[in-house]
Every structure is written in C-alpha cells, then in structure tokens.
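Participant: Provided herewith is a single structure, encoded as structure tokens, for subsequent inquiry.
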Amino acid sequence: MDTKVYLDFNSTTPILPDMKDHVISKLSAFGNPSSVHWAGREAKKEITWTRNLISQNFNCHPLEIIFTASGSEGNNLALQHFSPTAEKNEIVCSMVEHPSILKPVKFLESKGFKVRWIPVAKDGLLDLEYFKTLLSTKTALVVCQLVNNETGNIFPIKKMTKLAHSVGAHFHSDMVQGLGKLRIDLAAMDVDTASFAGHKFYSLKGAGFLYVKRGVKVPSLILGGGQERGRRAGTENVLAISSLGYALSQYMPHFETKRDELTQMRDWLENKILEEIPGASVNGAGAPRVAGTLNVTLAGVDGETLLINLDTSGFAISSGAACSSGTQEPSPVLRAMGLDFEEASQSFRISLGWPTTLSEVESFFTTLKESVVHVRSLSTELTQVDQGVQF
Amino acid sequence: MKKRVLVAMSGGVDSSVVAALLKEQGYEVIGITMQVWDYSQSCDITPGQGTCCSSIDVQDARNVCDLLDIPFYVMNCESKFQAFVIDPFVNEYLEGRTPNPCVNCNTFLKFDHLFVKMKELKCDYLATGHYVRKTEDNGETLLVRGRDQVKDQSYFLFTLPKEILPHLLFPVGDMNKEEVRNHALRFGLLNAKKRDSQEICFVSKLGYAKFIESRVGKDLLNSGNIILLPEGKVIATHNGIHNFTIGQRRGLGFEHEKPLYVVKINPKTAEVFVGPEDLLFSKEFSVKGLNWMTSIQDGEKFTIKIRYRHGGSQGQITKVGENNFKVNFDEPQRAVTPGQAAVFYRGDRLLGGGWITSNPIQ
C-alpha cells in the first residue's frame with residue numbers, strides 16, 4: 001500500500017510528534033520510583049507530576065488516583081472485590097460495556113449477584129426511566145461507561161450516579177473512551193470509581209489510572225510492594241505515565257478546538273455517506289456523541305470484507321464484527337442496541353483523531369464508496385447449489 | 001500493475017510455500033486463513049503438532065506472513081463449516097454411508113466462500129497448496145493430477161465449477177513433497193519440518209465415532225444386528241451403524257474365525273451385513289450430483305477412483321434417470337462405498353465426479 005491513513009483512534013492512538021522528544025528525554029529517568037536516592041526521586045517526580053496534572057484536569061485529589069497498566073486493569077480493580085450480602089446482592093449494568101467490564105460483571109454474577117441490564121436503544125439513548133426501575137435497596141453496584149467505544153455515545157453519568165447513590169449503591173464508570181474527548185469533572189459527577197487508559201489520548205501504551213473517591217475502599221488486586229500506597233504493587237511504568245502527563249499538560253488546553261474540528265470532519269463524512277451511499281444508516285446518531293466517532297451500517301456489505309478491502313488500500317478502520325479469531329457474534333454492543341445479526345455484521349466504525357486531516361477523510365470516502373460499489377456489484381449467491389452436489 | 005493473489009493458508013508447509021513462491025514471482029500476495037473449527041473443543045494442542053486450521057496453525061500462518069511481509073487475515077467461517085461440512089458428515093454416517101468431508105470443505109468453503117472473498121478483495125487469483133495442476137486442452141482449462149502421485153489431491157476437487165478454474169493457482173502441484181520442503185527451508189519458513197495433516201481436521205485422536213456420539217442424541221444411535229452373509233443369520237449385535245464402513249475388517253466387535261468384512265449397511269433396520277471378501281466386489285454402482293469439467297463421449301471409457309486411495313480402474317457411465325447415473329467397471333472393484341466420491345479421469349486429466357449412492361449388487 002502506498003499511503004497509510006489511520007482512522008481507528010478509538011482503538012488506540014499514536015503519540016503526537018512533539019511528544020517524541022519528551023519521551024526520549026525521560027528515558028534518563030530510569031530509576032525505581034520507590035528508591036530513596038537521586039535516581040529514584042527523578043523517576044518518582046514524573047509520576048507525581050502526572051498525578052497532579054490528572055488532579056487538575058479532572059477535578060479530583062491526587063491521592064484519589066491509582067496508576068494501573070491499562071483501562072482493563074482499572075476496571076478489574078474496581079469491580080472484582082464486590083461480594084453479595086443478604087441485603088445487597090444485585091448489580092445494575094449497561095448492556096453496551098467493554099469486555100473488561102462485562103467479564104468482571106459475569107464473574108460477580110458467579111459469586112451470587114443478580115445482574116440487571118440497562119438497555120440502550122439503536123439511536124444511542126440509554127433508557128433512564130427504565131434504569132430507575134432496575135434500582136432497589138438490593139443494588140450494591142451500578143456500572144455504566146461514560147462514552148461508548150463503538151458509537152461514541154455519551155451517557156448521563158451524573159444523573160445515574162445520583163440515582164445509584166439514592167439507593168446506597170456504588171457507581172463505577174469506565175471512562176476510558178472519554179479521556180481527551182469531553183470535560184470530565186470527577187467531583188461533580190460524584191462517581192465512586194472511574195477507569196482511564198493513557199493510550200487513548202496520544203500517550204504511550206502501558207499506563208492508565210483508576211480514580212477512587214476518598215472513602216471508597218478498593219482492595220488491591222496485585223499484592224506486593226507498597227506502590228500506590230499499598231493499593232497496586234509493581235514497579236511503575238514511569239515512561240508511559242510521564243507521557244500521559246505530557247499529553248495532559250500540552251494537549252488538554254486545546255481539546256475543545258480539536259473537538260470542534262473533529263466534529264466538523266465527522267459530520268462531513270457522515271453526511272457524504274448518507275447522501276451518496278444507498279442503504280447506509282448511522283448507529284447511535286439519536287443521542288449525544290463525542291466528536292470523531294462514526295458507526296455505520298451498510299446494507300449488503302459484510303463489515304469484515306470491507307475492513308480488509310480498505311486495509312489493502314491503506315485505510316485502517318474497525319468493523320462491528322468481533323475479532324475474527326474469536327467469537328462468532330458480530331459487535332455485541334450493536335446487537336445489544338437492537339441491530340440484528342446481519343446488520344451488526346454489516347457495520348463498521350471510523351474514529352478520527354487529532355492528526356486526522358480533511359484530505360484523509362475525503363480520500364477515505366472516495367475509497368469507501370468505490371469498495372462498497374464493487375462489493376455490492378458481485379453476486380454472492382452460492383454457486384454450487386445448481387450443480388446438484390450432495391450435502 | 002501487479003497481479004493480486006489471495007492465498008488460502010492452513011498453517012501447513014504447502015500453502016506457506018505457495019505464498020512465498022508467489023511473492024517471489026512478483027505477485028501482490030494476501031494471506032488468509034479460514035477459522036473453521038474451535039479446536040479448544042476437540043483436541044489436545046501439542047506444540048508443533050497442530051492439525052489443519054487450529055489456533056497453532058493460525059499462528060504458524062501468521063508467522064509466515066510476517067516473515068514474507070504480506071497482509072494476513074483470519075476469517076471466521078465456523079458456522080458455515082458447521083452447516084456444510086460437519087452436520088452432513090454426521091448425517092451421512094447416521095444414514096449408513098461413509099462421507100468425505102474434505103470434498104464438502106473444498107466445495108463450500110475453500111472454493112466458494114474464499115472464491116467470493118477473492119473477488120470482493122479485488123484479487124486476480126485464488127491460490128492454494130493443493131497438489132494438483134492445471135492445463136489448457138483446446139482452449140478448455142482442466143485440472144490435472146499432481147505430479148507427486150502419492151500426494152495428488154485432484155480427487156477432492158471434482159466439484160469445482162469449471163468456470164472458476166482460470167482464476168485458480170496451484171503452485172505446488174508440479175512438485176513433490178520433498179521439493180516443497182526444500183523451498184520451505186530455502187525461504188526460512190519455520191513450518192518446513194511440520195508434519196502433514198493426515199486425518200479429518202475436526203476429529204481428534206478419539207476418533208470419528210466418538211465425535212459423532214458427542215454430537216448426536218443417543219436415540220439416533222440405534223444398536224442393531226450384525227448379519228452373516230450369504231447365510232443370512234444374526235451372529236452378533238453392534239452399538240450403532242456409524243461404527244462401520246464398507247470393507248471394514250477390524251473392530252467388528254465379535255470373534256470370528258475366517259476373515260469377515262462389512263459388505264452392506266441398512267440404516268433403516270440398523271443392520272450391518274458381514275461376509276467373506278468375495279462379497280465385497282462389484283462391477284456397478286449408482287452416482288448422483290455429478291459435476292463435469294469437460295464433455296465426454298457416449299460410451300467413452302475412463303479411469304474411475306472410488307476412494308482417495310483407490311488406484312483407479314477403467315469403466316464407463318450411463319444415464320438411467322433424471323439425476324441418476326450408473327457406473328460400470330470393466331473389472332469388479334472392492335468395497336464400493338455409498339457416500340464416497342467417484343471421480344473420473346482421462347489419463348491424468350480430471351473429468352469430473354459424483355457421489356456414490358448405492359451398490360446395486362446387494
């Protein structure tokens with residue numbers, strides 16, 4: 001392929017060019033942050049710096065942050081420790097969560113919790129009224145993401161947290177997809193725990209953090225040394241944490257401008273697709289979405305095939321289908337939102353990022369349209385049935 | 001403009017060498033593996049010993065593509081494989097026949113599903129590691145037996161529609177196994193020394209009978225009588241007709257002095273008929289579901305294989321009904337088995353084939 005265009009920023013992001021020097025310079029901060037001496041202090045400084053930036057940007061106390069290796073780890077740390085009691089044995093969880101939420105919730109179910117699922121409609125709206133009916137004094141835990149990774153839909157976390165607290169339930173929110181995309185005020189939202197991952201916001205992979213509101217107890221998953229005040233053992237990924245600090249200090253001030261640019265490009269692409277490609281529909285368009293995410297169903301076009309076609313032309317996007325080496329089910333999120341098997345198999349996601357240019361989006365659209373026309377023009381009927389071959 | 005080829009990769013040596021050769025020859029190569037079966041269900045995965053398309057093999061295929069610096073994709077075809085290969089496989093046994101699932105995989109997965117993918121991905125060709133060759137006879141593309149007579153896989157390809165043949169490439173069909181392995185070593189492919197997959201890819205070491213029993217309700221696996229021919233008397237009982245195939249001598253489940261062979265299976269009565277070897281021979285049988293790659297003359301004699309490992313024997317075919325044909329051998333052949341494929345050759349040219357439905361002798 002000649003030119004490569006990356007349009008899968010919800011999956012992960014590259015570091016931005018100006019961060020390269022920062023990362024290289026921080027290689028010298030090699031010490032173990034737990035050491036007393038100069039080498040340790042230099043490394044520790046990076047962590048403290050990032051912790052403070054998180055505190056400023058998300059309105060929380062520095063000590064309410066636990067650094068983790070990933071968003072998945074944060075979700076597991078937040079959830080695994082719950083155990084049902086006679087009075088509190090129910091969990092309320094949205095149907096469109098990431099696997100790193102769903103698996104721990106299933107694990108909790110095996111411990112004896114009853115799980116009640118909050119539906120999300122095809123237009124992306126979470127049914128708040130129905131959510132209220134799911135809550136009771138038996139609810140121990142409510143789980144709902146801030147932003148959906150497939151559709152970009154934003155959920156009303158502040159309202160939901162208030163409702164959860166009114167029945168004495170803990171609220172955890174997977175905010176991984178919200179980092180750098182919308183203003184997050186943790187104190188105002190009043191969630192009990194929230195997970196984040198650096199690699200979604202132009203930082204190195206290998207560092208994330210879990211916000212734990214003061215007073216909330218979260219037993220450590222990883223036992224050992226006293227890092228993170230005994231809440232998460234293991235020598236910290238200083239370089240990745242430092243890169244996250246850099247992203248927060250250098251990029252966050254610009255995020256509103258960038259958000260508007262991305263919204264414009266996304267909307268342009270969305271309109272082009274709806275106008276010029278027949279049989280196209282947008283998933284989650286009826287509810288608030290973050291900028292840059294576009295999830296489309298194209299009738300008669302297999303998502304996996306489209307993905308490969310676009311990849312061979314240099315465009316990296318994501319399809320609604322679960323990764324091919326895994327499950328049969330295409331996008332559980334889209335299925336939960338009411339798309340049938342076929343529709344979910346014919347869906348794909350484009351997510352724009354800060355490096356994205358309009359010309360990239362334009363050339364993507366041209367190739368997309370060509371690929372769709374090509375795939376639809378082929379007859380995909382089985383050719384063998386007429387041969388009378390025995391089966 | 002470079003021609004683009006989609007290479008079907010199983011993770012084995014043959015298809016890996018195909019990918020490497022085609023890249024060397026200047027094609028733009030895309031590697032693809034069909035995940036057809038969740039191997040965690042059936043097999044012990046021993047390192048270095050995957051069977052076709054298991055997760056070890058997907059990894060092997062991926063490694064080869066990384067080495068060759070070509071794109072690699074895995075397509076999930078589990079439900080199609082289930083519907084077109086596994087379910088019919090089980091069904092055939094329940095109906096007293098002995099199936100050939102590899103032909104169905106070729107028909108519906110490799111040369112149907114992948115062929116469609118080839119077109120969707122704007123490729124010029126679909127290439128596989130099959131030991132088979134192509135030729136042009138009077139402007140007609142035909143399949144020819146592979147040069148390695150032991151490895152020749154033309155038998156399994158008789159259902160291919162002749163229209164797709166010009167779009168297929170079989171780079172190793174002209175080689176013997178040793179040459180293929182040498183190419184693999186030359187390219188530095190790690191799976192050069194990997195053993196070939198010999199058995200049915202989805203059946204574990206436990207065997208096909210256990211496989212069937214795990215998938216079918218007990219009420220469908222009726223026990224029944226074993227009847228000795230020509231006397232016609234009941235001499236033993238069995239636990240299900242799926243345990244037997246025509247010509248089988250071992251594992252009949254009872255003691256017998258003289259060699260006895262399964263000569264017939266009646267699925268309706270769950271009776272298995274055994275007898276001396278001479279009862280295994282027949283000169284004619286019925287076939288249906290014929291696929292022709294070229295035309296034949298009326299009364300033409302050609303070579304017919306009734307099993308993959310059958311040497312082939314001369315005979316001819318006559319139409320006896322709408323979709324019903326009768327094949328006559330010049331010489332009686334041993335163990336004509338319903339459910340197997342009868343494949344026709346003119347010399348080394350593959351003419352076509354069909355499915356054996358019954359052995360009229362009994």
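The chains in the structure tokens are called A, B, ... from first to last as shown; in each chain the residues are counted from 1, and the ligands are counted from 1 in the order shown.
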So which bits of range 8-197 of chain B end up strand (DSSP E) when you DSSP the backbone, as a ChimeraX atom specification?
Facilitator: /B:8,28-35,72-76,125-127,132-137,140-145,168-169
Participant: Could you save those same residues with N, CA, C and O atoms as a short mmCIF file (atom, residue, chain, number, x, y, z; two decimals), in the first residue's frame?
Facilitator:
data_model
loop_
_atom_site.label_atom_id
_atom_site.label_comp_id
_atom_site.auth_asym_id
_atom_site.auth_seq_id
_atom_site.Cartn_x
_atom_site.Cartn_y
_atom_site.Cartn_z
N ALA B 8 -4.90 -19.09 0.23
CA ALA B 8 -5.57 -19.78 1.34
C ALA B 8 -4.51 -20.51 2.15
O ALA B 8 -3.85 -21.40 1.64
N GLU B 28 1.30 -9.59 -5.89
CA GLU B 28 0.92 -8.95 -4.63
C GLU B 28 0.11 -10.00 -3.88
O GLU B 28 -0.95 -10.41 -4.33
N VAL B 29 0.64 -10.47 -2.76
CA VAL B 29 0.03 -11.61 -2.08
C VAL B 29 -0.71 -11.19 -0.82
O VAL B 29 -0.23 -10.37 -0.04
N ILE B 30 -1.89 -11.74 -0.63
CA ILE B 30 -2.64 -11.56 0.61
C ILE B 30 -2.89 -12.94 1.19
O ILE B 30 -3.40 -13.82 0.50
N GLY B 31 -2.50 -13.15 2.43
CA GLY B 31 -2.70 -14.44 3.07
C GLY B 31 -3.98 -14.44 3.87
O GLY B 31 -4.31 -13.46 4.53
N ILE B 32 -4.72 -15.55 3.79
CA ILE B 32 -5.97 -15.62 4.54
C ILE B 32 -6.13 -17.02 5.11
O ILE B 32 -5.78 -18.01 4.48
N THR B 33 -6.61 -17.08 6.34
CA THR B 33 -6.91 -18.38 6.96
C THR B 33 -8.39 -18.39 7.32
O THR B 33 -8.90 -17.40 7.84
N MET B 34 -9.03 -19.50 7.04
CA MET B 34 -10.42 -19.63 7.48
C MET B 34 -10.41 -20.34 8.82
O MET B 34 -9.88 -21.44 8.94
N GLN B 35 -10.93 -19.68 9.82
CA GLN B 35 -11.09 -20.40 11.09
C GLN B 35 -12.40 -21.17 10.97
O GLN B 35 -13.47 -20.56 10.89
N PHE B 72 -2.13 -10.42 6.43
CA PHE B 72 -2.69 -11.70 6.85
C PHE B 72 -4.02 -11.46 7.56
O PHE B 72 -4.11 -10.58 8.42
N TYR B 73 -5.03 -12.21 7.17
CA TYR B 73 -6.34 -12.06 7.81
C TYR B 73 -6.87 -13.42 8.21
O TYR B 73 -6.60 -14.42 7.55
N VAL B 74 -7.66 -13.41 9.28
CA VAL B 74 -8.34 -14.63 9.69
C VAL B 74 -9.83 -14.40 9.50
O VAL B 74 -10.36 -13.40 9.97
N MET B 75 -10.49 -15.30 8.78
CA MET B 75 -11.93 -15.15 8.60
C MET B 75 -12.65 -16.23 9.38
O MET B 75 -12.28 -17.39 9.30
N ASN B 76 -13.64 -15.81 10.09
CA ASN B 76 -14.40 -16.77 10.88
C ASN B 76 -15.44 -17.44 10.01
O ASN B 76 -16.38 -16.81 9.54
N TYR B 125 -6.41 -13.82 -8.56
CA TYR B 125 -6.38 -15.28 -8.41
C TYR B 125 -6.59 -15.68 -6.96
O TYR B 125 -6.34 -14.92 -6.02
N LEU B 126 -7.02 -16.94 -6.84
CA LEU B 126 -7.05 -17.60 -5.55
C LEU B 126 -6.06 -18.76 -5.65
O LEU B 126 -6.11 -19.54 -6.60
N ALA B 127 -5.13 -18.83 -4.70
CA ALA B 127 -4.13 -19.89 -4.75
C ALA B 127 -4.22 -20.77 -3.51
O ALA B 127 -4.50 -20.27 -2.42
N VAL B 132 -2.21 -30.37 -7.20
CA VAL B 132 -2.98 -30.57 -8.42
C VAL B 132 -2.44 -29.59 -9.45
O VAL B 132 -1.84 -28.58 -9.08
N ARG B 133 -2.62 -29.90 -10.73
CA ARG B 133 -2.13 -28.99 -11.76
C ARG B 133 -3.27 -28.54 -12.65
O ARG B 133 -4.39 -29.08 -12.57
N LYS B 134 -3.00 -27.53 -13.45
CA LYS B 134 -3.99 -27.05 -14.42
C LYS B 134 -3.38 -27.20 -15.80
O LYS B 134 -2.16 -27.13 -15.95
N THR B 135 -4.26 -27.37 -16.79
CA THR B 135 -3.74 -27.37 -18.16
C THR B 135 -4.79 -26.79 -19.09
O THR B 135 -5.95 -26.66 -18.72
N GLU B 136 -4.36 -26.44 -20.28
CA GLU B 136 -5.30 -25.97 -21.31
C GLU B 136 -5.35 -27.03 -22.40
O GLU B 136 -4.33 -27.33 -23.01
N ASP B 137 -6.54 -27.60 -22.62
CA ASP B 137 -6.71 -28.55 -23.72
C ASP B 137 -7.73 -27.95 -24.67
O ASP B 137 -8.89 -27.81 -24.32
N GLU B 140 -9.74 -25.21 -23.30
CA GLU B 140 -10.51 -25.52 -22.09
C GLU B 140 -9.54 -25.72 -20.94
O GLU B 140 -8.55 -26.44 -21.08
N THR B 141 -9.83 -25.10 -19.79
CA THR B 141 -8.97 -25.29 -18.62
C THR B 141 -9.41 -26.54 -17.88
O THR B 141 -10.59 -26.71 -17.57
N LEU B 142 -8.45 -27.40 -17.60
CA LEU B 142 -8.77 -28.64 -16.89
C LEU B 142 -7.83 -28.81 -15.71
O LEU B 142 -6.71 -28.30 -15.72
N LEU B 143 -8.29 -29.57 -14.74
CA LEU B 143 -7.40 -29.94 -13.63
C LEU B 143 -6.70 -31.24 -13.99
O LEU B 143 -7.28 -32.12 -14.63
N VAL B 144 -5.46 -31.32 -13.56
CA VAL B 144 -4.64 -32.48 -13.86
C VAL B 144 -4.09 -33.01 -12.54
O VAL B 144 -3.81 -32.23 -11.63
N ARG B 145 -3.89 -34.31 -12.45
CA ARG B 145 -3.33 -34.87 -11.22
C ARG B 145 -2.01 -34.18 -10.88
O ARG B 145 -1.25 -33.81 -11.77
N LEU B 168 -7.76 -19.86 -10.59
CA LEU B 168 -7.09 -20.59 -9.52
C LEU B 168 -5.63 -20.82 -9.85
O LEU B 168 -5.27 -21.02 -11.00
N LEU B 169 -4.79 -20.80 -8.82
CA LEU B 169 -3.38 -21.11 -8.99
C LEU B 169 -3.00 -22.23 -8.02
O LEU B 169 -3.39 -22.19 -6.84
#
Participant: Residues at most 6 Å from range 42-50 of chain A, counting only C-alpha atoms, excluding those fewer than 6 positions away in the same chain, as a ChimeraX atom specification?
Facilitator: /A:29,31,33,242,245
Participant: Report, in Å with one decimal, the straight-line distance from CA of Gln149 in chain B to CA of Tyr345 in chain B.
Facilitator: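 Taking CA of Gln149 in chain B and CA of Tyr345 in chain B, their separation equals 13.8 Å.
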Participant: Give me, as a PyMOL selection string, all polymer residues having an atom no more than 7 Å from Met337 in chain A, counting only C-alpha atoms and skipping those fewer than 3 positions away in the same chain.
Facilitator: chain A and resi 120-122+333-334
Participant: Could those residues be written to a file, using N, CA, C and O atoms, as a tab-separated table (two decimals), in the first residue's frame?
Facilitator:
chain	number	residue	atom	x	y	z
A	120	VAL	N	-29.90	-0.01	25.90
A	120	VAL	CA	-29.58	1.19	25.14
A	120	VAL	C	-30.20	0.99	23.77
A	120	VAL	O	-30.03	-0.06	23.16
A	121	ALA	N	-30.93	1.98	23.29
A	121	ALA	CA	-31.64	1.80	22.02
A	121	ALA	C	-30.73	2.02	20.83
A	121	ALA	O	-29.61	2.50	20.96
A	122	LYS	N	-31.25	1.69	19.66
A	122	LYS	CA	-30.49	1.79	18.41
A	122	LYS	C	-30.00	3.22	18.16
A	122	LYS	O	-28.97	3.44	17.55
A	333	VAL	N	-22.09	-4.97	21.20
A	333	VAL	CA	-22.66	-3.66	21.53
A	333	VAL	C	-23.79	-3.33	20.56
A	333	VAL	O	-24.89	-2.95	20.97
A	334	LEU	N	-23.55	-3.51	19.27
A	334	LEU	CA	-24.59	-3.19	18.29
A	334	LEU	C	-25.78	-4.13	18.43
A	334	LEU	O	-26.93	-3.74	18.27
Participant: As a PyMOL selection string, please: the residues near Leu182 in chain A (cut-off 10 Å, only C-alpha atoms, same-chain neighbours under 3 positions excluded).
Facilitator: chain A and resi 146-147+154+177-179+185+252+255-256+259+290-291
Participant: Give me, please, the distance in Å between CA of Ser363 in chain A and CA of Arg289 in chain A, quoted to one decimal.
Facilitator: 23.9 Å
Participant: Extract, using only C-alpha atoms, all DNA, RNA and protein residues at most 8 Å from Gly247 in chain B, discarding same-chain residues fewer than 6 positions from it, and format them as a VMD selection string.
Facilitator: chain B and resid 261 to 263 280 334 to 335
Participant: Deliver the residues from the most recent selection as a file, using N, CA and C atoms, as a tab-separated table (two decimals), in the first residue's frame.
Facilitator:
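File written: selection18.tsv
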chain	number	residue	atom	x	y	z
B	261	TYR	N	-15.87	-59.24	6.39
B	261	TYR	CA	-15.84	-57.82	6.02
B	261	TYR	C	-17.25	-57.26	6.03
B	262	VAL	N	-17.36	-55.97	6.32
B	262	VAL	CA	-18.67	-55.32	6.22
B	262	VAL	C	-18.98	-55.17	4.73
B	263	VAL	N	-20.11	-55.73	4.31
B	263	VAL	CA	-20.45	-55.64	2.89
B	263	VAL	C	-21.65	-54.75	2.62
B	280	LEU	N	-17.44	-58.48	-1.40
B	280	LEU	CA	-17.12	-57.05	-1.45
B	280	LEU	C	-16.99	-56.53	-2.87
B	334	ARG	N	-13.33	-53.64	-5.39
B	334	ARG	CA	-13.53	-53.98	-3.99
B	334	ARG	C	-14.14	-52.82	-3.22
B	335	ALA	N	-15.15	-53.14	-2.41
B	335	ALA	CA	-15.71	-52.18	-1.43
B	335	ALA	C	-16.15	-50.84	-2.02
Participant: Would you pick out the contacts of Ser94 in chain A at 6 Å or less, using only C-alpha atoms, so that residues sharing its chain but fewer than 2 positions from it are not included, and give the list as number ranges by chain?
Facilitator: A: 96, 117-118, 144
Participant: Could the residues in this selection be saved with N, CA and C atoms as a CSV table (one decimal), in the first residue's frame?
Facilitator:
chain,number,residue,atom,x,y,z
A,96,VAL,N,-24.0,-2.2,27.0
A,96,VAL,CA,-23.1,-1.9,25.9
A,96,VAL,C,-21.6,-1.7,26.4
A,117,TRP,N,-29.8,-5.6,33.5
A,117,TRP,CA,-29.1,-4.9,32.4
A,117,TRP,C,-29.9,-3.7,32.0
A,118,ILE,N,-29.2,-2.6,31.8
A,118,ILE,CA,-29.8,-1.4,31.3
A,118,ILE,C,-29.7,-1.3,29.8
A,144,CYS,N,-21.7,1.9,34.5
A,144,CYS,CA,-22.1,2.4,33.2
A,144,CYS,C,-20.9,3.2,32.7
Participant: Excluding His374 in chain A and its own-chain neighbours fewer than 4 positions away, which residues fall within 8 Å of it when counting only C-alpha atoms? Please give them as JSON, numbers by chain.
Facilitator: {"A": [370, 378], "B": [120]}
Participant: Where in range 224-300 of chain B does DSSP assign helix (DSSP H, G or I), given as a list in words?
Facilitator: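 Matching residues, listed in order: Ile241, His242, Asn243, Glu277, Asp278, Leu279 and Leu280 of chain B.
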Participant: Expressed in Å to a single decimal, how great is the separation between CA of Leu7 in chain A and CA of Phe315 in chain A?
Facilitator: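 So the answer is 7.0 Å.
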